[in-house]
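Visitor: Take a look at the following structure, please.
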Amino acid sequence: MLEKLPLVKGDHGLLYTSFVTTVRLTNASPPAIFILGDSTADVGTNSLLADSQARADFPHNGIDFPNSRPTGRFSNGFNSADFLAKLMGFKRSPQPFLFLSSLKSGLRRKMFRGVNFASGGSGLFDITGQSMKVVPLSEQINQFITVRSNLMARMGPSSTDYLLSKSIFCISIGSNDIFGYFLNNSTIPKEQFIGALITAYESYIKALYDLGARKFGIISVPPIGCCPSQRVFNATGGCLDVLNDFAISFHSALDTLLYNISSELHEFKYSLGNTYEMTINVIQNPAPFNFKNVETACCGSGILNGEHPCIPTANLCENRNEYLFWDLYHPTQAASKLAAVTLYGGELRFVSPINFGQLAEDS
């Protein structure tokens, strides 16, 4: 029952993952990649926010990152933003906006390859994550406006427009808004709430389009009721169906929105990752993916290691590649890599109408 869900603390970005039997990798390498969203894509933004309460810049986070360095990623290593960027020809995700903007020539460097704006705990609504001092999607777009202005100053309008039109804009957001709905015991009808999220999403996509974006890689909301932090509220240890129902409805509405926008906006192209289907596919049949535990967090404490966050004193599993969940909300590096491979080269069941690889290749 909803009234029994004193749900969430901290950031709630979850995972998206799947198995791909065959991946068609392309030689496409877009000129730049711009990443917006929540903790599923944050590569250190919140670590640069002095007052942020949604952080991962401490052990055991980053234990499998080079030099076992906690980078602010909510992961034991790299996240899906990194692996997607690698598949598109980059070394890893671009640096956070707040880092680049602190450098003298960070946003005007000649070898400009993109920016990561994602902030753990953020949402489509400004109020989502507000108490944790994070960067909502609206502010992330304002940051992009600053980036675009710097590109204009260095390259001129024509070259900037061309670069942006060929670049990939990845957005991974929505989970935290839904968690907030339940945390606040909202009485807004489900359809009305999902509609409000989609209206906000539409305004942000069109704002980016008006600023020059043309190619959108959209990552939907996974089955958030299956993360360890939510399973602890189910006496059987199973997923919370009520949260998963919201995730399904969100994806369906987002799919319709993107289809409609594609017929409305000239040269608008998109790829939508069905993260619900991708994740459930692994949870229901983990063996082919080499996962042995899809319920318990690798790092954490309490029931399923899902009652408290991953901190230096938390329990830590040894066989991290066999776990789907790194902490009470987020995927392991292994799950994130699988997710990125699926998004990049997956079949229509998982990503449509084209996959991220085809989006990058499409000129």
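Simple scheme: letters A, B, ... for chains in structure tokens order, numbers from 1 for residues in each chain, numbers from 1 for ligands in the order shown.
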List every residue of stretch 209-247 of chain A that has an atom at most 8 Å from any atom of stretch 283-297 of chain A, giving for each one its closest atom pair and the distance in Å to one decimal, counting only C-alpha atoms, sorted by chain and then by ascending residue number, as a Markdown table.
Guide:
```
| residue | atom | partner | partner_atom | distance |
| --- | --- | --- | --- | --- |
| A:Cys226 | CA | A:Glu295 | CA | 7.5 |
| A:Cys227 | CA | A:Glu295 | CA | 7.1 |
| A:Pro228 | CA | A:Thr296 | CA | 5.9 |
| A:Arg231 | CA | A:Glu295 | CA | 7.8 |
```
Visitor: Please provide the set of residues having any atom within 7 Å of A:Ile33, restricted to only C-alpha atoms, with same-chain residues fewer than 5 positions apart removed, written as a list in words.
Guide: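 The residues that qualify are Arg113, Gly114, Val115, Ser167, Ile168 and Phe169 of chain A.
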Visitor: For A:Asn305, list every protein, DNA or RNA residue within 9 Å, evaluated using only C-alpha atoms, and leave out those in the same chain fewer than 3 positions away; present the list as a short mmCIF file (atom, residue, chain, number, x, y, z; two decimals) with N, CA, C and O atoms, in the first residue's frame.
Guide:
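Written file, result.cif:
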```
data_model
loop_
_atom_site.label_atom_id
_atom_site.label_comp_id
_atom_site.auth_asym_id
_atom_site.auth_seq_id
_atom_site.Cartn_x
_atom_site.Cartn_y
_atom_site.Cartn_z
N PRO A 228 16.90 -2.30 -4.94
CA PRO A 228 16.91 -2.79 -3.55
C PRO A 228 16.20 -1.87 -2.57
O PRO A 228 15.54 -2.35 -1.63
N SER A 229 16.30 -0.55 -2.77
CA SER A 229 15.68 0.39 -1.84
C SER A 229 14.17 0.26 -1.80
O SER A 229 13.52 0.63 -0.82
N THR A 296 19.99 -7.84 -4.58
CA THR A 296 20.75 -7.22 -3.49
C THR A 296 21.75 -6.21 -4.04
O THR A 296 22.34 -6.42 -5.10
N ALA A 297 21.95 -5.11 -3.32
CA ALA A 297 22.98 -4.14 -3.69
C ALA A 297 24.34 -4.68 -3.31
O ALA A 297 24.51 -5.31 -2.27
N CYS A 298 25.32 -4.42 -4.15
CA CYS A 298 26.70 -4.83 -3.85
C CYS A 298 27.23 -4.06 -2.65
O CYS A 298 27.90 -4.61 -1.79
N CYS A 299 26.93 -2.76 -2.61
CA CYS A 299 27.43 -1.90 -1.55
C CYS A 299 26.26 -1.24 -0.81
O CYS A 299 25.42 -0.60 -1.43
N GLY A 300 26.23 -1.42 0.50
CA GLY A 300 25.16 -0.85 1.29
C GLY A 300 25.03 -1.59 2.61
O GLY A 300 25.94 -2.30 3.02
N SER A 301 23.90 -1.43 3.27
CA SER A 301 23.67 -2.14 4.52
C SER A 301 22.17 -2.30 4.75
O SER A 301 21.36 -1.69 4.05
N GLY A 302 21.83 -3.15 5.73
CA GLY A 302 20.43 -3.44 5.99
C GLY A 302 19.92 -4.55 5.08
O GLY A 302 20.69 -5.25 4.42
N HIS A 308 20.47 1.48 3.37
CA HIS A 308 21.39 2.60 3.59
C HIS A 308 22.36 2.71 2.42
O HIS A 308 22.65 1.72 1.74
N PRO A 309 22.87 3.90 2.16
CA PRO A 309 23.71 4.13 0.97
C PRO A 309 25.09 3.49 1.07
O PRO A 309 25.50 2.98 2.12
N CYS A 310 25.78 3.56 -0.04
CA CYS A 310 27.15 3.05 -0.13
C CYS A 310 28.10 4.11 0.43
O CYS A 310 28.36 5.13 -0.21
N ALA A 314 30.15 0.76 4.66
CA ALA A 314 29.08 -0.14 4.20
C ALA A 314 29.64 -1.51 3.83
O ALA A 314 30.84 -1.70 3.63
N ASN A 315 28.74 -2.49 3.74
CA ASN A 315 29.12 -3.80 3.23
C ASN A 315 29.53 -3.66 1.77
O ASN A 315 28.96 -2.86 1.03
N ASP A 327 24.47 -0.01 -5.68
CA ASP A 327 23.97 0.43 -4.37
C ASP A 327 22.45 0.31 -4.36
O ASP A 327 21.88 -0.39 -5.18
N LEU A 328 21.80 1.00 -3.45
CA LEU A 328 20.36 0.81 -3.30
C LEU A 328 19.54 1.33 -4.47
O LEU A 328 18.36 1.02 -4.58
#
```
Visitor: Please report the interatomic distance between atom CA of A:Val282 and atom CA of A:Ser220 in Å with one decimal.
Guide: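 Result for atom CA of A:Val282 versus atom CA of A:Ser220: 16.4 Å, one decimal.
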Visitor: Ranking A:Gly238, A:Leu100, A:Phe78, A:Asp64 by minimum distance to A:Leu338 and counting only C-alpha atoms, which one comes first?
Guide: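 Distance minimum relative to A:Leu338 lands on A:Phe78.
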Visitor: For stretch 80-96 of chain A, find every residue with an atom within 9 Å (counting only C-alpha atoms), except residues of its own chain fewer than 6 positions away, and show them as a ChimeraX atom specification.
Guide: /A:15-16,25-30,32-35,40-45,48,113-118,170,333,335-341,343-344,356-357,360
Visitor: Quick one: residues within 9 Å of A:Ile248, only C-alpha atoms, excluding same-chain residues fewer than 4 positions away - as a PyMOL selection string?
Guide: chain A and resi 221-223+243-244+252-253+276-277
Visitor: For the selection you just gave me, I'd like the residues written to a file as a PDB file, in the first residue's frame, keeping C-alpha atoms.
Guide:
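Listing of out09.pdb after writing:
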```pdb
ATOM      1  CA  VAL A 221      12.557   5.220 -16.790  1.00  0.00           C
ATOM      2  CA  PRO A 222      13.401   1.629 -15.773  1.00  0.00           C
ATOM      3  CA  PRO A 223      11.403  -0.584 -13.395  1.00  0.00           C
ATOM      4  CA  LEU A 243       6.162   2.105  -9.028  1.00  0.00           C
ATOM      5  CA  ASN A 244       6.790  -0.074 -12.050  1.00  0.00           C
ATOM      6  CA  SER A 252       4.419   4.844 -23.299  1.00  0.00           C
ATOM      7  CA  ALA A 253       3.645   8.557 -23.047  1.00  0.00           C
ATOM      8  CA  TYR A 276      11.779  -0.941 -18.514  1.00  0.00           C
ATOM      9  CA  GLU A 277      11.875  -3.800 -20.993  1.00  0.00           C
TER      10      GLU A 277
END
```
Visitor: Got a sec to tell me which of stretch 95-249 of chain A DSSP assigns to helix (DSSP H, G or I), as a PDB file with N, CA and C atoms, in the first residue's frame?
Guide:
```pdb
ATOM      1  N   PHE A  97      29.999  20.185 -16.897  1.00  0.00           N
ATOM      2  CA  PHE A  97      29.969  21.613 -17.224  1.00  0.00           C
ATOM      3  C   PHE A  97      30.665  22.441 -16.149  1.00  0.00           C
ATOM      4  N   LEU A  98      30.377  22.131 -14.891  1.00  0.00           N
ATOM      5  CA  LEU A  98      30.934  22.935 -13.801  1.00  0.00           C
ATOM      6  C   LEU A  98      32.448  22.838 -13.740  1.00  0.00           C
ATOM      7  N   PHE A  99      33.003  21.723 -14.182  1.00  0.00           N
ATOM      8  CA  PHE A  99      34.463  21.586 -14.239  1.00  0.00           C
ATOM      9  C   PHE A  99      35.028  22.390 -15.402  1.00  0.00           C
ATOM     10  N   LEU A 100      34.443  22.206 -16.582  1.00  0.00           N
ATOM     11  CA  LEU A 100      34.939  22.912 -17.769  1.00  0.00           C
ATOM     12  C   LEU A 100      34.814  24.418 -17.624  1.00  0.00           C
ATOM     13  N   GLN A 130      15.294  19.375  -5.144  1.00  0.00           N
ATOM     14  CA  GLN A 130      15.608  20.739  -4.723  1.00  0.00           C
ATOM     15  C   GLN A 130      16.226  20.774  -3.328  1.00  0.00           C
ATOM     16  N   SER A 131      15.701  19.970  -2.422  1.00  0.00           N
ATOM     17  CA  SER A 131      16.215  19.961  -1.054  1.00  0.00           C
ATOM     18  C   SER A 131      17.617  19.377  -0.961  1.00  0.00           C
ATOM     19  N   MET A 132      18.027  18.627  -2.007  1.00  0.00           N
ATOM     20  CA  MET A 132      19.358  18.034  -2.008  1.00  0.00           C
ATOM     21  C   MET A 132      20.391  18.902  -2.725  1.00  0.00           C
ATOM     22  N   LEU A 137      16.837  19.840 -14.660  1.00  0.00           N
ATOM     23  CA  LEU A 137      17.016  19.841 -16.105  1.00  0.00           C
ATOM     24  C   LEU A 137      16.892  21.245 -16.687  1.00  0.00           C
ATOM     25  N   SER A 138      16.014  22.065 -16.132  1.00  0.00           N
ATOM     26  CA  SER A 138      15.862  23.435 -16.645  1.00  0.00           C
ATOM     27  C   SER A 138      17.171  24.210 -16.541  1.00  0.00           C
ATOM     28  N   GLU A 139      17.885  24.032 -15.435  1.00  0.00           N
ATOM     29  CA  GLU A 139      19.153  24.721 -15.253  1.00  0.00           C
ATOM     30  C   GLU A 139      20.252  24.094 -16.106  1.00  0.00           C
ATOM     31  N   GLN A 140      20.170  22.801 -16.325  1.00  0.00           N
ATOM     32  CA  GLN A 140      21.132  22.140 -17.216  1.00  0.00           C
ATOM     33  C   GLN A 140      21.038  22.734 -18.626  1.00  0.00           C
ATOM     34  N   ILE A 141      19.824  23.035 -19.055  1.00  0.00           N
ATOM     35  CA  ILE A 141      19.653  23.645 -20.376  1.00  0.00           C
ATOM     36  C   ILE A 141      20.187  25.068 -20.381  1.00  0.00           C
ATOM     37  N   ASN A 142      20.022  25.787 -19.282  1.00  0.00           N
ATOM     38  CA  ASN A 142      20.637  27.120 -19.185  1.00  0.00           C
ATOM     39  C   ASN A 142      22.155  27.025 -19.280  1.00  0.00           C
ATOM     40  N   GLN A 143      22.716  25.990 -18.701  1.00  0.00           N
ATOM     41  CA  GLN A 143      24.162  25.775 -18.803  1.00  0.00           C
ATOM     42  C   GLN A 143      24.561  25.501 -20.255  1.00  0.00           C
ATOM     43  N   PHE A 144      23.711  24.737 -20.948  1.00  0.00           N
ATOM     44  CA  PHE A 144      23.994  24.486 -22.362  1.00  0.00           C
ATOM     45  C   PHE A 144      23.968  25.786 -23.166  1.00  0.00           C
ATOM     46  N   ILE A 145      23.080  26.692 -22.815  1.00  0.00           N
ATOM     47  CA  ILE A 145      23.036  27.987 -23.499  1.00  0.00           C
ATOM     48  C   ILE A 145      24.378  28.712 -23.355  1.00  0.00           C
ATOM     49  N   THR A 146      24.981  28.603 -22.179  1.00  0.00           N
ATOM     50  CA  THR A 146      26.301  29.192 -21.965  1.00  0.00           C
ATOM     51  C   THR A 146      27.336  28.525 -22.869  1.00  0.00           C
ATOM     52  N   VAL A 147      27.269  27.206 -22.968  1.00  0.00           N
ATOM     53  CA  VAL A 147      28.187  26.472 -23.843  1.00  0.00           C
ATOM     54  C   VAL A 147      28.012  26.923 -25.290  1.00  0.00           C
ATOM     55  N   ARG A 148      26.779  27.006 -25.724  1.00  0.00           N
ATOM     56  CA  ARG A 148      26.491  27.417 -27.101  1.00  0.00           C
ATOM     57  C   ARG A 148      27.022  28.821 -27.374  1.00  0.00           C
ATOM     58  N   SER A 149      26.869  29.724 -26.419  1.00  0.00           N
ATOM     59  CA  SER A 149      27.375  31.094 -26.587  1.00  0.00           C
ATOM     60  C   SER A 149      28.892  31.100 -26.749  1.00  0.00           C
ATOM     61  N   ASN A 150      29.577  30.239 -25.984  1.00  0.00           N
ATOM     62  CA  ASN A 150      31.024  30.142 -26.108  1.00  0.00           C
ATOM     63  C   ASN A 150      31.440  29.565 -27.454  1.00  0.00           C
ATOM     64  N   LEU A 151      30.691  28.591 -27.939  1.00  0.00           N
ATOM     65  CA  LEU A 151      30.969  28.027 -29.255  1.00  0.00           C
ATOM     66  C   LEU A 151      30.755  29.081 -30.338  1.00  0.00           C
ATOM     67  N   MET A 152      29.695  29.847 -30.220  1.00  0.00           N
ATOM     68  CA  MET A 152      29.421  30.920 -31.178  1.00  0.00           C
ATOM     69  C   MET A 152      30.578  31.907 -31.227  1.00  0.00           C
ATOM     70  N   ALA A 153      31.093  32.251 -30.051  1.00  0.00           N
ATOM     71  CA  ALA A 153      32.177  33.221 -29.984  1.00  0.00           C
ATOM     72  C   ALA A 153      33.458  32.676 -30.610  1.00  0.00           C
ATOM     73  N   ARG A 154      33.687  31.369 -30.480  1.00  0.00           N
ATOM     74  CA  ARG A 154      34.925  30.784 -31.004  1.00  0.00           C
ATOM     75  C   ARG A 154      34.803  30.370 -32.464  1.00  0.00           C
ATOM     76  N   MET A 155      33.650  29.787 -32.850  1.00  0.00           N
ATOM     77  CA  MET A 155      33.503  29.195 -34.173  1.00  0.00           C
ATOM     78  C   MET A 155      32.653  30.015 -35.132  1.00  0.00           C
ATOM     79  N   PRO A 157      28.474  31.536 -35.896  1.00  0.00           N
ATOM     80  CA  PRO A 157      27.135  30.924 -35.924  1.00  0.00           C
ATOM     81  C   PRO A 157      27.007  29.724 -36.847  1.00  0.00           C
ATOM     82  N   SER A 158      27.536  29.824 -38.057  1.00  0.00           N
ATOM     83  CA  SER A 158      27.355  28.753 -39.036  1.00  0.00           C
ATOM     84  C   SER A 158      28.009  27.454 -38.594  1.00  0.00           C
ATOM     85  N   SER A 159      29.249  27.528 -38.164  1.00  0.00           N
ATOM     86  CA  SER A 159      29.964  26.327 -37.719  1.00  0.00           C
ATOM     87  C   SER A 159      29.348  25.750 -36.459  1.00  0.00           C
ATOM     88  N   THR A 160      28.886  26.609 -35.576  1.00  0.00           N
ATOM     89  CA  THR A 160      28.238  26.145 -34.351  1.00  0.00           C
ATOM     90  C   THR A 160      26.951  25.410 -34.676  1.00  0.00           C
ATOM     91  N   ASP A 161      26.138  25.984 -35.548  1.00  0.00           N
ATOM     92  CA  ASP A 161      24.885  25.343 -35.937  1.00  0.00           C
ATOM     93  C   ASP A 161      25.135  23.967 -36.550  1.00  0.00           C
ATOM     94  N   TYR A 162      26.176  23.872 -37.377  1.00  0.00           N
ATOM     95  CA  TYR A 162      26.495  22.601 -38.018  1.00  0.00           C
ATOM     96  C   TYR A 162      26.942  21.575 -36.979  1.00  0.00           C
ATOM     97  N   LEU A 163      27.833  21.988 -36.075  1.00  0.00           N
ATOM     98  CA  LEU A 163      28.317  21.080 -35.034  1.00  0.00           C
ATOM     99  C   LEU A 163      27.167  20.551 -34.189  1.00  0.00           C
ATOM    100  N   LEU A 164      26.292  21.432 -33.759  1.00  0.00           N
ATOM    101  CA  LEU A 164      25.181  21.016 -32.902  1.00  0.00           C
ATOM    102  C   LEU A 164      24.206  20.110 -33.644  1.00  0.00           C
ATOM    103  N   SER A 165      24.006  20.359 -34.919  1.00  0.00           N
ATOM    104  CA  SER A 165      23.063  19.550 -35.694  1.00  0.00           C
ATOM    105  C   SER A 165      23.556  18.122 -35.895  1.00  0.00           C
ATOM    106  N   LYS A 166      24.862  17.911 -35.828  1.00  0.00           N
ATOM    107  CA  LYS A 166      25.437  16.580 -36.006  1.00  0.00           C
ATOM    108  C   LYS A 166      25.768  15.906 -34.672  1.00  0.00           C
ATOM    109  N   SER A 175      13.104   9.263 -13.316  1.00  0.00           N
ATOM    110  CA  SER A 175      12.930   8.369 -12.163  1.00  0.00           C
ATOM    111  C   SER A 175      12.711   9.140 -10.866  1.00  0.00           C
ATOM    112  N   ASN A 176      13.504  10.179 -10.664  1.00  0.00           N
ATOM    113  CA  ASN A 176      13.420  10.923  -9.405  1.00  0.00           C
ATOM    114  C   ASN A 176      12.089  11.643  -9.241  1.00  0.00           C
ATOM    115  N   ASP A 177      11.504  12.079 -10.349  1.00  0.00           N
ATOM    116  CA  ASP A 177      10.190  12.719 -10.283  1.00  0.00           C
ATOM    117  C   ASP A 177       9.140  11.729  -9.786  1.00  0.00           C
ATOM    118  N   ILE A 178       9.227  10.504 -10.284  1.00  0.00           N
ATOM    119  CA  ILE A 178       8.255   9.483  -9.874  1.00  0.00           C
ATOM    120  C   ILE A 178       8.482   9.086  -8.419  1.00  0.00           C
ATOM    121  N   PHE A 179       9.742   8.932  -8.017  1.00  0.00           N
ATOM    122  CA  PHE A 179      10.012   8.652  -6.607  1.00  0.00           C
ATOM    123  C   PHE A 179       9.444   9.761  -5.726  1.00  0.00           C
ATOM    124  N   GLY A 180       9.582  10.997  -6.169  1.00  0.00           N
ATOM    125  CA  GLY A 180       9.074  12.124  -5.398  1.00  0.00           C
ATOM    126  C   GLY A 180       7.568  12.087  -5.239  1.00  0.00           C
ATOM    127  N   TYR A 181       6.890  11.611  -6.269  1.00  0.00           N
ATOM    128  CA  TYR A 181       5.428  11.482  -6.219  1.00  0.00           C
ATOM    129  C   TYR A 181       5.011  10.614  -5.040  1.00  0.00           C
ATOM    130  N   PHE A 182       5.701   9.485  -4.873  1.00  0.00           N
ATOM    131  CA  PHE A 182       5.355   8.566  -3.791  1.00  0.00           C
ATOM    132  C   PHE A 182       5.892   9.038  -2.448  1.00  0.00           C
ATOM    133  N   LEU A 183       7.056   9.628  -2.442  1.00  0.00           N
ATOM    134  CA  LEU A 183       7.625  10.131  -1.197  1.00  0.00           C
ATOM    135  C   LEU A 183       6.720  11.182  -0.566  1.00  0.00           C
ATOM    136  N   LYS A 190      -2.692   9.482 -11.432  1.00  0.00           N
ATOM    137  CA  LYS A 190      -1.525   9.001 -12.172  1.00  0.00           C
ATOM    138  C   LYS A 190      -1.433   9.602 -13.569  1.00  0.00           C
ATOM    139  N   GLU A 191      -2.527   9.573 -14.309  1.00  0.00           N
ATOM    140  CA  GLU A 191      -2.506  10.067 -15.693  1.00  0.00           C
ATOM    141  C   GLU A 191      -2.175  11.550 -15.750  1.00  0.00           C
ATOM    142  N   GLN A 192      -2.679  12.299 -14.784  1.00  0.00           N
ATOM    143  CA  GLN A 192      -2.407  13.737 -14.745  1.00  0.00           C
ATOM    144  C   GLN A 192      -0.937  14.002 -14.425  1.00  0.00           C
ATOM    145  N   PHE A 193      -0.390  13.226 -13.507  1.00  0.00           N
ATOM    146  CA  PHE A 193       1.014  13.394 -13.128  1.00  0.00           C
ATOM    147  C   PHE A 193       1.945  13.047 -14.285  1.00  0.00           C
ATOM    148  N   ILE A 194       1.703  11.913 -14.918  1.00  0.00           N
ATOM    149  CA  ILE A 194       2.524  11.512 -16.065  1.00  0.00           C
ATOM    150  C   ILE A 194       2.397  12.550 -17.187  1.00  0.00           C
ATOM    151  N   GLY A 195       1.185  13.056 -17.381  1.00  0.00           N
ATOM    152  CA  GLY A 195       0.967  14.086 -18.393  1.00  0.00           C
ATOM    153  C   GLY A 195       1.781  15.336 -18.117  1.00  0.00           C
ATOM    154  N   ALA A 196       1.874  15.726 -16.847  1.00  0.00           N
ATOM    155  CA  ALA A 196       2.653  16.904 -16.478  1.00  0.00           C
ATOM    156  C   ALA A 196       4.138  16.679 -16.742  1.00  0.00           C
ATOM    157  N   LEU A 197       4.624  15.462 -16.455  1.00  0.00           N
ATOM    158  CA  LEU A 197       6.021  15.143 -16.738  1.00  0.00           C
ATOM    159  C   LEU A 197       6.305  15.234 -18.236  1.00  0.00           C
ATOM    160  N   ILE A 198       5.402  14.699 -19.037  1.00  0.00           N
ATOM    161  CA  ILE A 198       5.602  14.687 -20.488  1.00  0.00           C
ATOM    162  C   ILE A 198       5.516  16.105 -21.060  1.00  0.00           C
ATOM    163  N   THR A 199       4.636  16.925 -20.506  1.00  0.00           N
ATOM    164  CA  THR A 199       4.562  18.326 -20.946  1.00  0.00           C
ATOM    165  C   THR A 199       5.874  19.048 -20.672  1.00  0.00           C
ATOM    166  N   ALA A 200       6.442  18.796 -19.495  1.00  0.00           N
ATOM    167  CA  ALA A 200       7.736  19.394 -19.163  1.00  0.00           C
ATOM    168  C   ALA A 200       8.815  18.884 -20.106  1.00  0.00           C
ATOM    169  N   TYR A 201       8.813  17.571 -20.360  1.00  0.00           N
ATOM    170  CA  TYR A 201       9.810  16.968 -21.254  1.00  0.00           C
ATOM    171  C   TYR A 201       9.721  17.594 -22.651  1.00  0.00           C
ATOM    172  N   GLU A 202       8.504  17.766 -23.125  1.00  0.00           N
ATOM    173  CA  GLU A 202       8.299  18.360 -24.451  1.00  0.00           C
ATOM    174  C   GLU A 202       8.896  19.764 -24.520  1.00  0.00           C
ATOM    175  N   SER A 203       8.684  20.554 -23.487  1.00  0.00           N
ATOM    176  CA  SER A 203       9.191  21.926 -23.505  1.00  0.00           C
ATOM    177  C   SER A 203      10.715  21.939 -23.528  1.00  0.00           C
ATOM    178  N   TYR A 204      11.347  20.995 -22.830  1.00  0.00           N
ATOM    179  CA  TYR A 204      12.811  20.958 -22.785  1.00  0.00           C
ATOM    180  C   TYR A 204      13.399  20.460 -24.104  1.00  0.00           C
ATOM    181  N   ILE A 205      12.770  19.455 -24.691  1.00  0.00           N
ATOM    182  CA  ILE A 205      13.247  18.963 -25.983  1.00  0.00           C
ATOM    183  C   ILE A 205      13.138  20.056 -27.037  1.00  0.00           C
ATOM    184  N   LYS A 206      12.019  20.766 -27.037  1.00  0.00           N
ATOM    185  CA  LYS A 206      11.842  21.831 -28.027  1.00  0.00           C
ATOM    186  C   LYS A 206      12.768  23.003 -27.762  1.00  0.00           C
ATOM    187  N   ALA A 207      13.093  23.244 -26.509  1.00  0.00           N
ATOM    188  CA  ALA A 207      14.051  24.308 -26.189  1.00  0.00           C
ATOM    189  C   ALA A 207      15.425  23.952 -26.746  1.00  0.00           C
ATOM    190  N   LEU A 208      15.836  22.702 -26.578  1.00  0.00           N
ATOM    191  CA  LEU A 208      17.117  22.259 -27.113  1.00  0.00           C
ATOM    192  C   LEU A 208      17.106  22.292 -28.647  1.00  0.00           C
ATOM    193  N   TYR A 209      15.980  21.909 -29.223  1.00  0.00           N
ATOM    194  CA  TYR A 209      15.849  21.969 -30.685  1.00  0.00           C
ATOM    195  C   TYR A 209      16.016  23.408 -31.174  1.00  0.00           C
ATOM    196  N   ASP A 210      15.379  24.338 -30.510  1.00  0.00           N
ATOM    197  CA  ASP A 210      15.481  25.750 -30.903  1.00  0.00           C
ATOM    198  C   ASP A 210      16.905  26.275 -30.748  1.00  0.00           C
ATOM    199  N   ILE A 224      11.671   1.015 -11.614  1.00  0.00           N
ATOM    200  CA  ILE A 224      12.246   1.549 -10.383  1.00  0.00           C
ATOM    201  C   ILE A 224      11.754   0.835  -9.129  1.00  0.00           C
ATOM    202  N   GLY A 225      10.662   0.100  -9.255  1.00  0.00           N
ATOM    203  CA  GLY A 225      10.179  -0.669  -8.114  1.00  0.00           C
ATOM    204  C   GLY A 225      11.016  -1.897  -7.820  1.00  0.00           C
ATOM    205  N   CYS A 226      12.001  -2.189  -8.675  1.00  0.00           N
ATOM    206  CA  CYS A 226      12.827  -3.385  -8.507  1.00  0.00           C
ATOM    207  C   CYS A 226      14.185  -3.100  -7.876  1.00  0.00           C
ATOM    208  N   PRO A 228      16.896  -2.298  -4.941  1.00  0.00           N
ATOM    209  CA  PRO A 228      16.914  -2.789  -3.553  1.00  0.00           C
ATOM    210  C   PRO A 228      16.199  -1.871  -2.568  1.00  0.00           C
ATOM    211  N   SER A 229      16.296  -0.554  -2.768  1.00  0.00           N
ATOM    212  CA  SER A 229      15.679   0.390  -1.843  1.00  0.00           C
ATOM    213  C   SER A 229      14.167   0.256  -1.796  1.00  0.00           C
ATOM    214  N   GLN A 230      13.575  -0.287  -2.862  1.00  0.00           N
ATOM    215  CA  GLN A 230      12.124  -0.452  -2.919  1.00  0.00           C
ATOM    216  C   GLN A 230      11.699  -1.870  -2.571  1.00  0.00           C
ATOM    217  N   ARG A 231      12.526  -2.841  -2.904  1.00  0.00           N
ATOM    218  CA  ARG A 231      12.221  -4.227  -2.559  1.00  0.00           C
ATOM    219  C   ARG A 231      12.082  -4.415  -1.053  1.00  0.00           C
ATOM    220  N   ASP A 241       5.154  -3.245  -7.622  1.00  0.00           N
ATOM    221  CA  ASP A 241       4.475  -3.100  -8.917  1.00  0.00           C
ATOM    222  C   ASP A 241       3.934  -1.694  -9.146  1.00  0.00           C
ATOM    223  N   VAL A 242       3.508  -1.016  -8.081  1.00  0.00           N
ATOM    224  CA  VAL A 242       2.889   0.293  -8.264  1.00  0.00           C
ATOM    225  C   VAL A 242       3.888   1.290  -8.857  1.00  0.00           C
ATOM    226  N   LEU A 243       5.146   1.224  -8.445  1.00  0.00           N
ATOM    227  CA  LEU A 243       6.162   2.105  -9.028  1.00  0.00           C
ATOM    228  C   LEU A 243       6.463   1.703 -10.460  1.00  0.00           C
ATOM    229  N   ASN A 244       6.515   0.404 -10.699  1.00  0.00           N
ATOM    230  CA  ASN A 244       6.790  -0.074 -12.050  1.00  0.00           C
ATOM    231  C   ASN A 244       5.692   0.320 -13.026  1.00  0.00           C
ATOM    232  N   ASP A 245       4.459   0.364 -12.549  1.00  0.00           N
ATOM    233  CA  ASP A 245       3.345   0.789 -13.410  1.00  0.00           C
ATOM    234  C   ASP A 245       3.551   2.227 -13.891  1.00  0.00           C
ATOM    235  N   PHE A 246       4.080   3.078 -13.015  1.00  0.00           N
ATOM    236  CA  PHE A 246       4.362   4.451 -13.402  1.00  0.00           C
ATOM    237  C   PHE A 246       5.463   4.487 -14.464  1.00  0.00           C
ATOM    238  N   ALA A 247       6.454   3.641 -14.304  1.00  0.00           N
ATOM    239  CA  ALA A 247       7.545   3.598 -15.280  1.00  0.00           C
ATOM    240  C   ALA A 247       7.030   3.171 -16.654  1.00  0.00           C
ATOM    241  N   ILE A 248       6.148   2.190 -16.671  1.00  0.00           N
ATOM    242  CA  ILE A 248       5.567   1.726 -17.938  1.00  0.00           C
ATOM    243  C   ILE A 248       4.759   2.845 -18.590  1.00  0.00           C
ATOM    244  N   SER A 249       3.944   3.522 -17.802  1.00  0.00           N
ATOM    245  CA  SER A 249       3.119   4.602 -18.341  1.00  0.00           C
ATOM    246  C   SER A 249       3.983   5.751 -18.844  1.00  0.00           C
TER     247      SER A 249
END
```
Visitor: Return as CSV the residues of stretch 240-328 of chain A lying at most 12 Å from stretch 349-353 of chain A, together with the closest atom-to-atom pair for each and the distance in Å to one decimal, counting only C-alpha atoms, with rows in chain order and ascending residue number.
Guide:
```
residue,atom,partner,partner_atom,distance
A:His251,CA,A:Val351,CA,11.4
A:Leu254,CA,A:Ser352,CA,11.9
A:Asp255,CA,A:Ser352,CA,8.9
A:Thr256,CA,A:Pro353,CA,11.7
A:Leu258,CA,A:Pro353,CA,10.1
A:Tyr259,CA,A:Pro353,CA,9.1
A:Ser262,CA,A:Pro353,CA,11.0
A:Lys269,CA,A:Pro353,CA,9.6
A:Tyr270,CA,A:Pro353,CA,7.7
A:Ser271,CA,A:Ser352,CA,5.5
A:Leu272,CA,A:Ser352,CA,5.3
A:Gly273,CA,A:Val351,CA,4.3
A:Asn274,CA,A:Phe350,CA,5.1
A:Thr275,CA,A:Phe350,CA,7.1
A:Tyr276,CA,A:Phe350,CA,8.7
A:Glu277,CA,A:Phe350,CA,6.4
A:Met278,CA,A:Phe350,CA,5.9
A:Thr279,CA,A:Phe350,CA,9.6
A:Ile280,CA,A:Phe350,CA,10.9
A:Asn281,CA,A:Phe350,CA,9.7
A:Val282,CA,A:Phe350,CA,12.0
```
